[in-house]
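So this block is structure_37.txt, compact mmCIF, C-alpha atoms:
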# COMPACT_ATOMS: atom_id res chain seq x y z
CA MET A 1420 25.52 34.46 -1.63
CA SER A 1421 23.12 31.64 -1.03
CA ALA A 1422 24.39 28.17 -0.32
CA PRO A 1423 23.93 25.69 -3.18
CA THR A 1424 20.95 23.44 -2.75
CA SER A 1425 21.96 19.83 -2.40
CA GLN A 1426 19.80 17.19 -4.01
CA LYS A 1427 19.23 14.02 -2.08
CA LYS A 1428 20.87 11.04 -3.67
CA PRO A 1429 18.79 7.86 -4.04
CA LEU A 1430 19.53 5.15 -1.53
CA PRO A 1431 21.94 2.40 -2.68
CA PHE A 1432 20.28 -0.75 -3.97
CA VAL A 1433 21.24 -2.81 -0.90
CA TYR A 1434 19.38 -0.38 1.40
CA GLN A 1435 16.32 -0.28 -0.85
CA PHE A 1436 16.33 -4.07 -1.02
CA THR A 1437 16.69 -4.48 2.77
CA ALA A 1438 13.95 -1.96 3.51
CA GLY A 1439 11.68 -3.58 0.92
CA ALA A 1440 12.34 -7.07 2.31
CA ILE A 1441 11.56 -5.99 5.88
CA ALA A 1442 8.39 -4.23 4.74
CA GLY A 1443 7.40 -7.27 2.66
CA VAL A 1444 7.86 -9.74 5.52
CA SER A 1445 5.92 -7.46 7.89
CA GLU A 1446 3.12 -7.23 5.33
CA ILE A 1447 2.98 -11.03 4.94
CA LEU A 1448 2.82 -11.64 8.69
CA CYS A 1449 0.02 -9.10 9.13
CA PHE A 1450 -2.15 -9.96 6.15
CA TYR A 1451 -1.51 -13.67 5.53
CA PRO A 1452 -4.78 -14.80 7.19
CA LEU A 1453 -6.67 -12.63 4.68
CA ASP A 1454 -4.71 -14.26 1.87
CA VAL A 1455 -5.84 -17.69 3.11
CA VAL A 1456 -9.45 -16.46 3.17
CA LYS A 1457 -9.06 -15.02 -0.34
CA THR A 1458 -7.76 -18.34 -1.66
CA ARG A 1459 -10.61 -20.27 -0.03
CA VAL A 1460 -13.20 -17.93 -1.58
CA GLN A 1461 -11.52 -18.20 -4.99
CA LEU A 1462 -11.43 -22.01 -4.85
CA ASP A 1463 -15.08 -22.26 -3.84
CA THR A 1464 -16.89 -23.24 -7.04
CA GLY A 1465 -20.32 -23.14 -5.38
CA LYS A 1466 -22.11 -20.19 -3.84
CA SER A 1467 -19.47 -18.20 -1.98
CA GLN A 1468 -20.01 -17.58 1.74
CA GLY A 1469 -18.12 -14.30 1.53
CA MET A 1470 -15.00 -13.14 3.33
CA VAL A 1471 -16.33 -12.80 6.89
CA ALA A 1472 -18.25 -16.10 6.85
CA THR A 1473 -15.25 -17.94 5.39
CA PHE A 1474 -12.95 -16.42 8.02
CA ARG A 1475 -15.27 -17.53 10.83
CA ALA A 1476 -15.71 -21.00 9.34
CA ILE A 1477 -11.95 -21.60 9.14
CA ILE A 1478 -11.48 -20.66 12.81
CA ALA A 1479 -14.51 -22.65 13.98
CA GLN A 1480 -13.85 -25.81 11.96
CA GLU A 1481 -10.05 -25.90 11.56
CA GLY A 1482 -8.60 -23.64 14.25
CA VAL A 1483 -6.70 -20.34 14.15
CA GLY A 1484 -3.47 -22.08 13.09
CA ARG A 1485 -5.03 -22.94 9.74
CA LEU A 1486 -4.98 -19.23 8.86
CA TYR A 1487 -1.19 -19.45 8.76
CA ARG A 1488 -0.83 -22.73 6.88
CA GLY A 1489 1.58 -22.33 3.97
CA LEU A 1490 3.22 -19.24 5.47
CA ALA A 1491 6.75 -20.56 4.87
CA ALA A 1492 6.42 -20.34 1.06
CA PRO A 1493 5.78 -16.57 0.80
CA LEU A 1494 8.39 -15.88 3.49
CA MET A 1495 11.02 -17.80 1.49
CA LEU A 1496 9.88 -16.04 -1.66
CA GLU A 1497 10.12 -12.51 -0.30
CA ALA A 1498 13.89 -11.99 -0.70
CA PRO A 1499 14.25 -13.25 -4.30
CA LYS A 1500 10.97 -11.58 -5.29
CA ARG A 1501 12.08 -8.20 -3.95
CA ALA A 1502 15.49 -8.54 -5.61
CA VAL A 1503 13.92 -9.33 -8.98
CA LYS A 1504 11.25 -6.62 -8.58
CA PHE A 1505 13.71 -3.83 -7.81
CA ALA A 1506 16.34 -4.94 -10.32
CA SER A 1507 13.89 -5.53 -13.18
CA ASN A 1508 12.00 -2.30 -12.52
CA ASP A 1509 15.29 -0.36 -12.61
CA PHE A 1510 16.46 -2.21 -15.74
CA TRP A 1511 13.24 -1.74 -17.71
CA ALA A 1512 12.87 1.91 -16.65
CA LYS A 1513 16.37 2.75 -17.93
CA THR A 1514 15.79 0.70 -21.09
CA TYR A 1515 12.51 2.40 -22.04
CA MET A 1516 13.67 5.89 -21.07
CA SER A 1517 16.79 5.42 -23.19
CA ALA A 1518 14.73 4.10 -26.13
CA ALA A 1519 12.34 7.06 -25.87
CA GLY A 1520 15.20 9.54 -25.54
CA VAL A 1521 13.90 11.06 -22.29
CA THR A 1522 15.50 11.60 -18.90
CA GLN A 1523 12.31 11.87 -16.82
CA MET A 1524 9.76 9.16 -16.17
CA THR A 1525 6.44 9.62 -17.96
CA GLN A 1526 3.14 7.89 -17.23
CA ASN A 1527 3.32 5.73 -20.37
CA ILE A 1528 6.87 4.63 -19.57
CA SER A 1529 5.86 4.04 -15.95
CA ILE A 1530 3.04 1.72 -17.08
CA ILE A 1531 5.12 -0.29 -19.54
CA THR A 1532 7.98 -0.48 -17.04
CA GLY A 1533 5.63 -1.85 -14.39
CA CYS A 1534 4.16 -4.40 -16.82
CA SER A 1535 7.62 -5.59 -17.89
CA ALA A 1536 8.87 -5.82 -14.30
CA GLY A 1537 5.74 -7.77 -13.34
CA ALA A 1538 6.21 -10.17 -16.25
CA THR A 1539 9.83 -10.74 -15.20
CA GLU A 1540 8.86 -11.25 -11.57
CA SER A 1541 6.19 -13.84 -12.42
CA PHE A 1542 8.77 -16.45 -13.45
CA VAL A 1543 10.27 -16.37 -9.94
CA VAL A 1544 6.93 -16.32 -8.12
CA VAL A 1545 5.09 -19.30 -9.67
CA PRO A 1546 6.63 -22.29 -7.78
CA PHE A 1547 6.22 -20.55 -4.40
CA GLU A 1548 2.65 -19.54 -5.21
CA LEU A 1549 1.81 -23.09 -6.25
CA VAL A 1550 3.11 -24.49 -2.94
CA LYS A 1551 1.24 -21.84 -0.97
CA ILE A 1552 -2.08 -22.39 -2.75
CA LYS A 1553 -1.90 -26.16 -2.37
CA LEU A 1554 -1.35 -25.77 1.39
CA GLN A 1555 -4.11 -23.17 1.76
CA ASP A 1556 -6.70 -25.32 -0.04
CA LYS A 1557 -9.29 -26.75 2.35
CA THR A 1558 -8.99 -30.21 0.77
CA SER A 1559 -5.18 -30.24 1.09
CA THR A 1560 -3.62 -33.19 2.92
CA PHE A 1561 0.01 -32.13 2.42
CA LYS A 1562 2.22 -32.07 5.51
CA GLY A 1563 4.19 -29.00 4.44
CA PRO A 1564 6.03 -27.22 1.60
CA ILE A 1565 8.57 -30.00 1.03
CA ASP A 1566 5.79 -32.58 0.81
CA VAL A 1567 4.06 -30.45 -1.87
CA VAL A 1568 7.26 -30.10 -3.91
CA LYS A 1569 8.00 -33.84 -3.74
CA HIS A 1570 4.45 -34.71 -4.76
CA VAL A 1571 4.39 -32.31 -7.72
CA VAL A 1572 7.83 -33.29 -9.02
CA ARG A 1573 7.08 -37.01 -8.64
CA ASN A 1574 3.77 -36.78 -10.50
CA ASP A 1575 4.29 -33.93 -12.97
CA GLY A 1576 8.05 -33.42 -13.19
CA LEU A 1577 9.93 -30.19 -12.49
CA LEU A 1578 7.76 -28.26 -14.94
CA GLY A 1579 4.78 -29.16 -12.77
CA LEU A 1580 6.02 -26.50 -10.35
CA TYR A 1581 5.17 -23.93 -13.02
CA ALA A 1582 1.49 -24.85 -13.33
CA GLY A 1583 -0.45 -21.61 -13.57
CA LEU A 1584 2.45 -19.67 -15.13
CA GLU A 1585 0.29 -18.06 -17.81
CA ALA A 1586 -2.30 -16.79 -15.32
CA THR A 1587 0.46 -15.64 -12.93
CA PHE A 1588 2.20 -13.83 -15.80
CA TRP A 1589 -0.91 -11.81 -16.65
CA ARG A 1590 -1.75 -11.26 -12.99
CA HIS A 1591 1.59 -9.56 -12.41
CA VAL A 1592 1.55 -7.67 -15.70
CA TRP A 1593 -1.84 -6.10 -14.96
CA TRP A 1594 -1.15 -5.43 -11.27
CA ASN A 1595 2.22 -3.77 -11.80
CA GLY A 1596 1.02 -1.81 -14.82
CA GLY A 1597 -2.05 -0.55 -12.98
CA TYR A 1598 -0.14 0.13 -9.77
CA PHE A 1599 2.85 2.03 -11.15
CA GLY A 1600 0.81 3.82 -13.79
CA SER A 1601 -1.72 4.98 -11.20
CA ILE A 1602 0.94 6.09 -8.72
CA HIS A 1603 2.61 8.27 -11.35
CA SER A 1604 -0.72 9.77 -12.42
CA VAL A 1605 -1.94 10.47 -8.87
CA LYS A 1606 1.35 11.98 -7.71
CA SER A 1607 1.46 14.31 -10.72
CA ARG A 1608 -1.97 15.69 -9.76
CA MET A 1609 -1.23 16.20 -6.05
CA PRO A 1610 0.34 19.35 -4.59
CA LYS A 1611 4.11 19.07 -4.35
CA ALA A 1612 5.14 17.93 -0.87
CA GLU A 1613 7.32 20.41 1.01
CA THR A 1614 7.85 18.39 4.18
CA PRO A 1615 8.67 14.75 5.03
CA GLY A 1616 5.11 14.41 6.33
CA GLY A 1617 3.77 15.70 3.04
CA VAL A 1618 5.90 13.21 1.12
CA LEU A 1619 4.59 10.40 3.32
CA PHE A 1620 0.99 11.54 2.76
CA ASN A 1621 1.43 11.73 -1.02
CA ASN A 1622 3.04 8.28 -1.10
CA PHE A 1623 0.24 6.86 1.07
CA VAL A 1624 -2.54 8.27 -1.10
CA SER A 1625 -0.93 7.36 -4.43
CA GLY A 1626 0.03 3.91 -3.16
CA SER A 1627 -3.50 3.24 -1.88
CA VAL A 1628 -5.06 4.28 -5.19
CA GLY A 1629 -2.47 2.31 -7.16
CA GLY A 1630 -2.99 -0.80 -5.03
CA PHE A 1631 -6.76 -0.61 -5.43
CA ILE A 1632 -6.60 -0.20 -9.22
CA GLY A 1633 -3.94 -2.91 -9.59
CA THR A 1634 -6.03 -5.33 -7.53
CA VAL A 1635 -9.20 -4.63 -9.54
CA LEU A 1636 -7.31 -5.33 -12.76
CA ASN A 1637 -5.50 -8.48 -11.66
CA THR A 1638 -8.13 -10.30 -9.59
CA PRO A 1639 -9.71 -12.29 -12.48
CA PHE A 1640 -6.29 -13.72 -13.34
CA ASP A 1641 -5.63 -14.40 -9.65
CA VAL A 1642 -8.84 -16.44 -9.41
CA VAL A 1643 -7.84 -18.47 -12.47
CA LYS A 1644 -4.35 -19.01 -11.04
CA SER A 1645 -5.76 -20.28 -7.74
CA ARG A 1646 -8.12 -22.69 -9.52
CA ILE A 1647 -5.21 -24.11 -11.57
CA GLN A 1648 -2.84 -24.42 -8.60
CA GLY A 1649 -5.35 -25.80 -6.06
CA ALA A 1650 -5.22 -29.32 -4.66
CA THR A 1651 -7.71 -30.51 -7.30
CA LYS A 1652 -5.92 -30.55 -10.65
CA ILE A 1653 -7.65 -28.42 -13.29
CA PRO A 1654 -6.41 -27.67 -16.84
CA GLY A 1655 -5.14 -24.30 -18.02
CA VAL A 1656 -6.37 -20.75 -18.14
CA ARG A 1657 -9.02 -20.94 -20.84
CA HIS A 1658 -10.76 -23.90 -19.17
CA ASN A 1659 -11.17 -21.85 -15.99
CA ILE A 1660 -12.52 -18.79 -17.82
CA MET A 1661 -15.12 -20.70 -19.84
Would you mind writing the file's structure down as structure tokens?
Amino acid sequence: MSAPTSQKKPLPFVYQFTAGAIAGVSEILCFYPLDVVKTRVQLDTGKSQGMVATFRAIIAQEGVGRLYRGLAAPLMLEAPKRAVKFASNDFWAKTYMSAAGVTQMTQNISIITGCSAGATESFVVVPFELVKIKLQDKTSTFKGPIDVVKHVVRNDGLLGLYAGLEATFWRHVWWNGGYFGSIHSVKSRMPKAETPGGVLFNNFVSGSVGGFIGTVLNTPFDVVKSRIQGATKIPGVRHNIM
């Protein structure tokens, strides 16, 4: 008589959240200089120098430390962002699966779940993104995050912290929809993993493809968001697209 096969239970939310937060902070610390370069390229309204030239120019003209200016904002954001991302993704997945009368995730439900979770997440992200962008801007004269918040609230009120909300909303909708939809599609076409190494490989490949597709879809909205939130005040989304 063969022993019953035991299915692995999903990790409790607190463990998923902790692992996600640690991974998120590690990612920020490793890739933040590239985020600064990306913002500088996006804010450059003239002929762009490109990523490598911008990276070299920042180090040569402003020092290596400038590549980490504004780092506090995304670090403070990571915990609430992860909490909202995991909770909203779980909530919307259960909601749509229940509405569709299915018990297994499908690609369509995966896409709409990702879009809804991204839309929810955007409302938490905006103030932190605004502070970060204003500190990353080459023309910025702010002393730090608190100085940015005081300046914005004094001049534009509390709602001023939500400048760029519309562009951020669509940025997260498109990225999450593209990312989660692609992951589900890629995984369904890959051979089923039989070992932990195989699972890791499948997750790596599907995550890489999903991240690429999500980034391609959301970058135009990210450029608009950066232009709105930069040190030089510019009106809303449509002005920056025209």
Using CA of Met1470 in chain A and CA of Gln1648 in chain A as the two end points, give the distance in Å to one decimal.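 Computed distance, CA of Met1470 in chain A to CA of Gln1648 in chain A, equals 20.4 Å.
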Return as JSON lines the residues of range 1472-1570 of chain A lying at most 7 Å from range 1434-1442 of chain A, together with the closest atom-to-atom pair for each and the distance in Å to one decimal, counting only C-alpha atoms, with rows in chain order and ascending residue number.
{"residue": "A:Glu1497", "atom": "CA", "partner": "A:Ala1440", "partner_atom": "CA", "distance": 6.4}
{"residue": "A:Ala1498", "atom": "CA", "partner": "A:Ala1440", "partner_atom": "CA", "distance": 6.0}
{"residue": "A:Arg1501", "atom": "CA", "partner": "A:Ala1440", "partner_atom": "CA", "distance": 6.4}
{"residue": "A:Ala1502", "atom": "CA", "partner": "A:Phe1436", "partner_atom": "CA", "distance": 6.5}
Best match for closeness to Lys1504 in chain A among A:Ser1445, A:Thr1539, A:Thr1558, A:Thr1464, counting all atoms listed in the file: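 Using all atoms listed in the file, Lys1504 in chain A sits closest to A:Thr1539.
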Restricting the calculation to only C-alpha atoms, which member of A:Gly1484, A:Val1605, A:Ala1518, A:Gly1649 is positioned closest to Phe1561 in chain A?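 Selected residue with least distance to Phe1561 in chain A: A:Gly1649.
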Would you kindly return, as a list in words, each protein, DNA or RNA residue with an atom no farther than 9 Å from any atom of Val1460 in chain A, considering all atoms listed in the file and excluding same-chain residues fewer than 5 positions away? Val1455, Ser1467, Gln1468, Gly1469, Met1470 and Thr1473 of chain A
Under the rule that all atoms listed in the file are counted, which of A:Val1642, A:Thr1614, A:Gly1597, A:Thr1525 is the nearest residue to Gly1630 in chain A? A:Gly1597
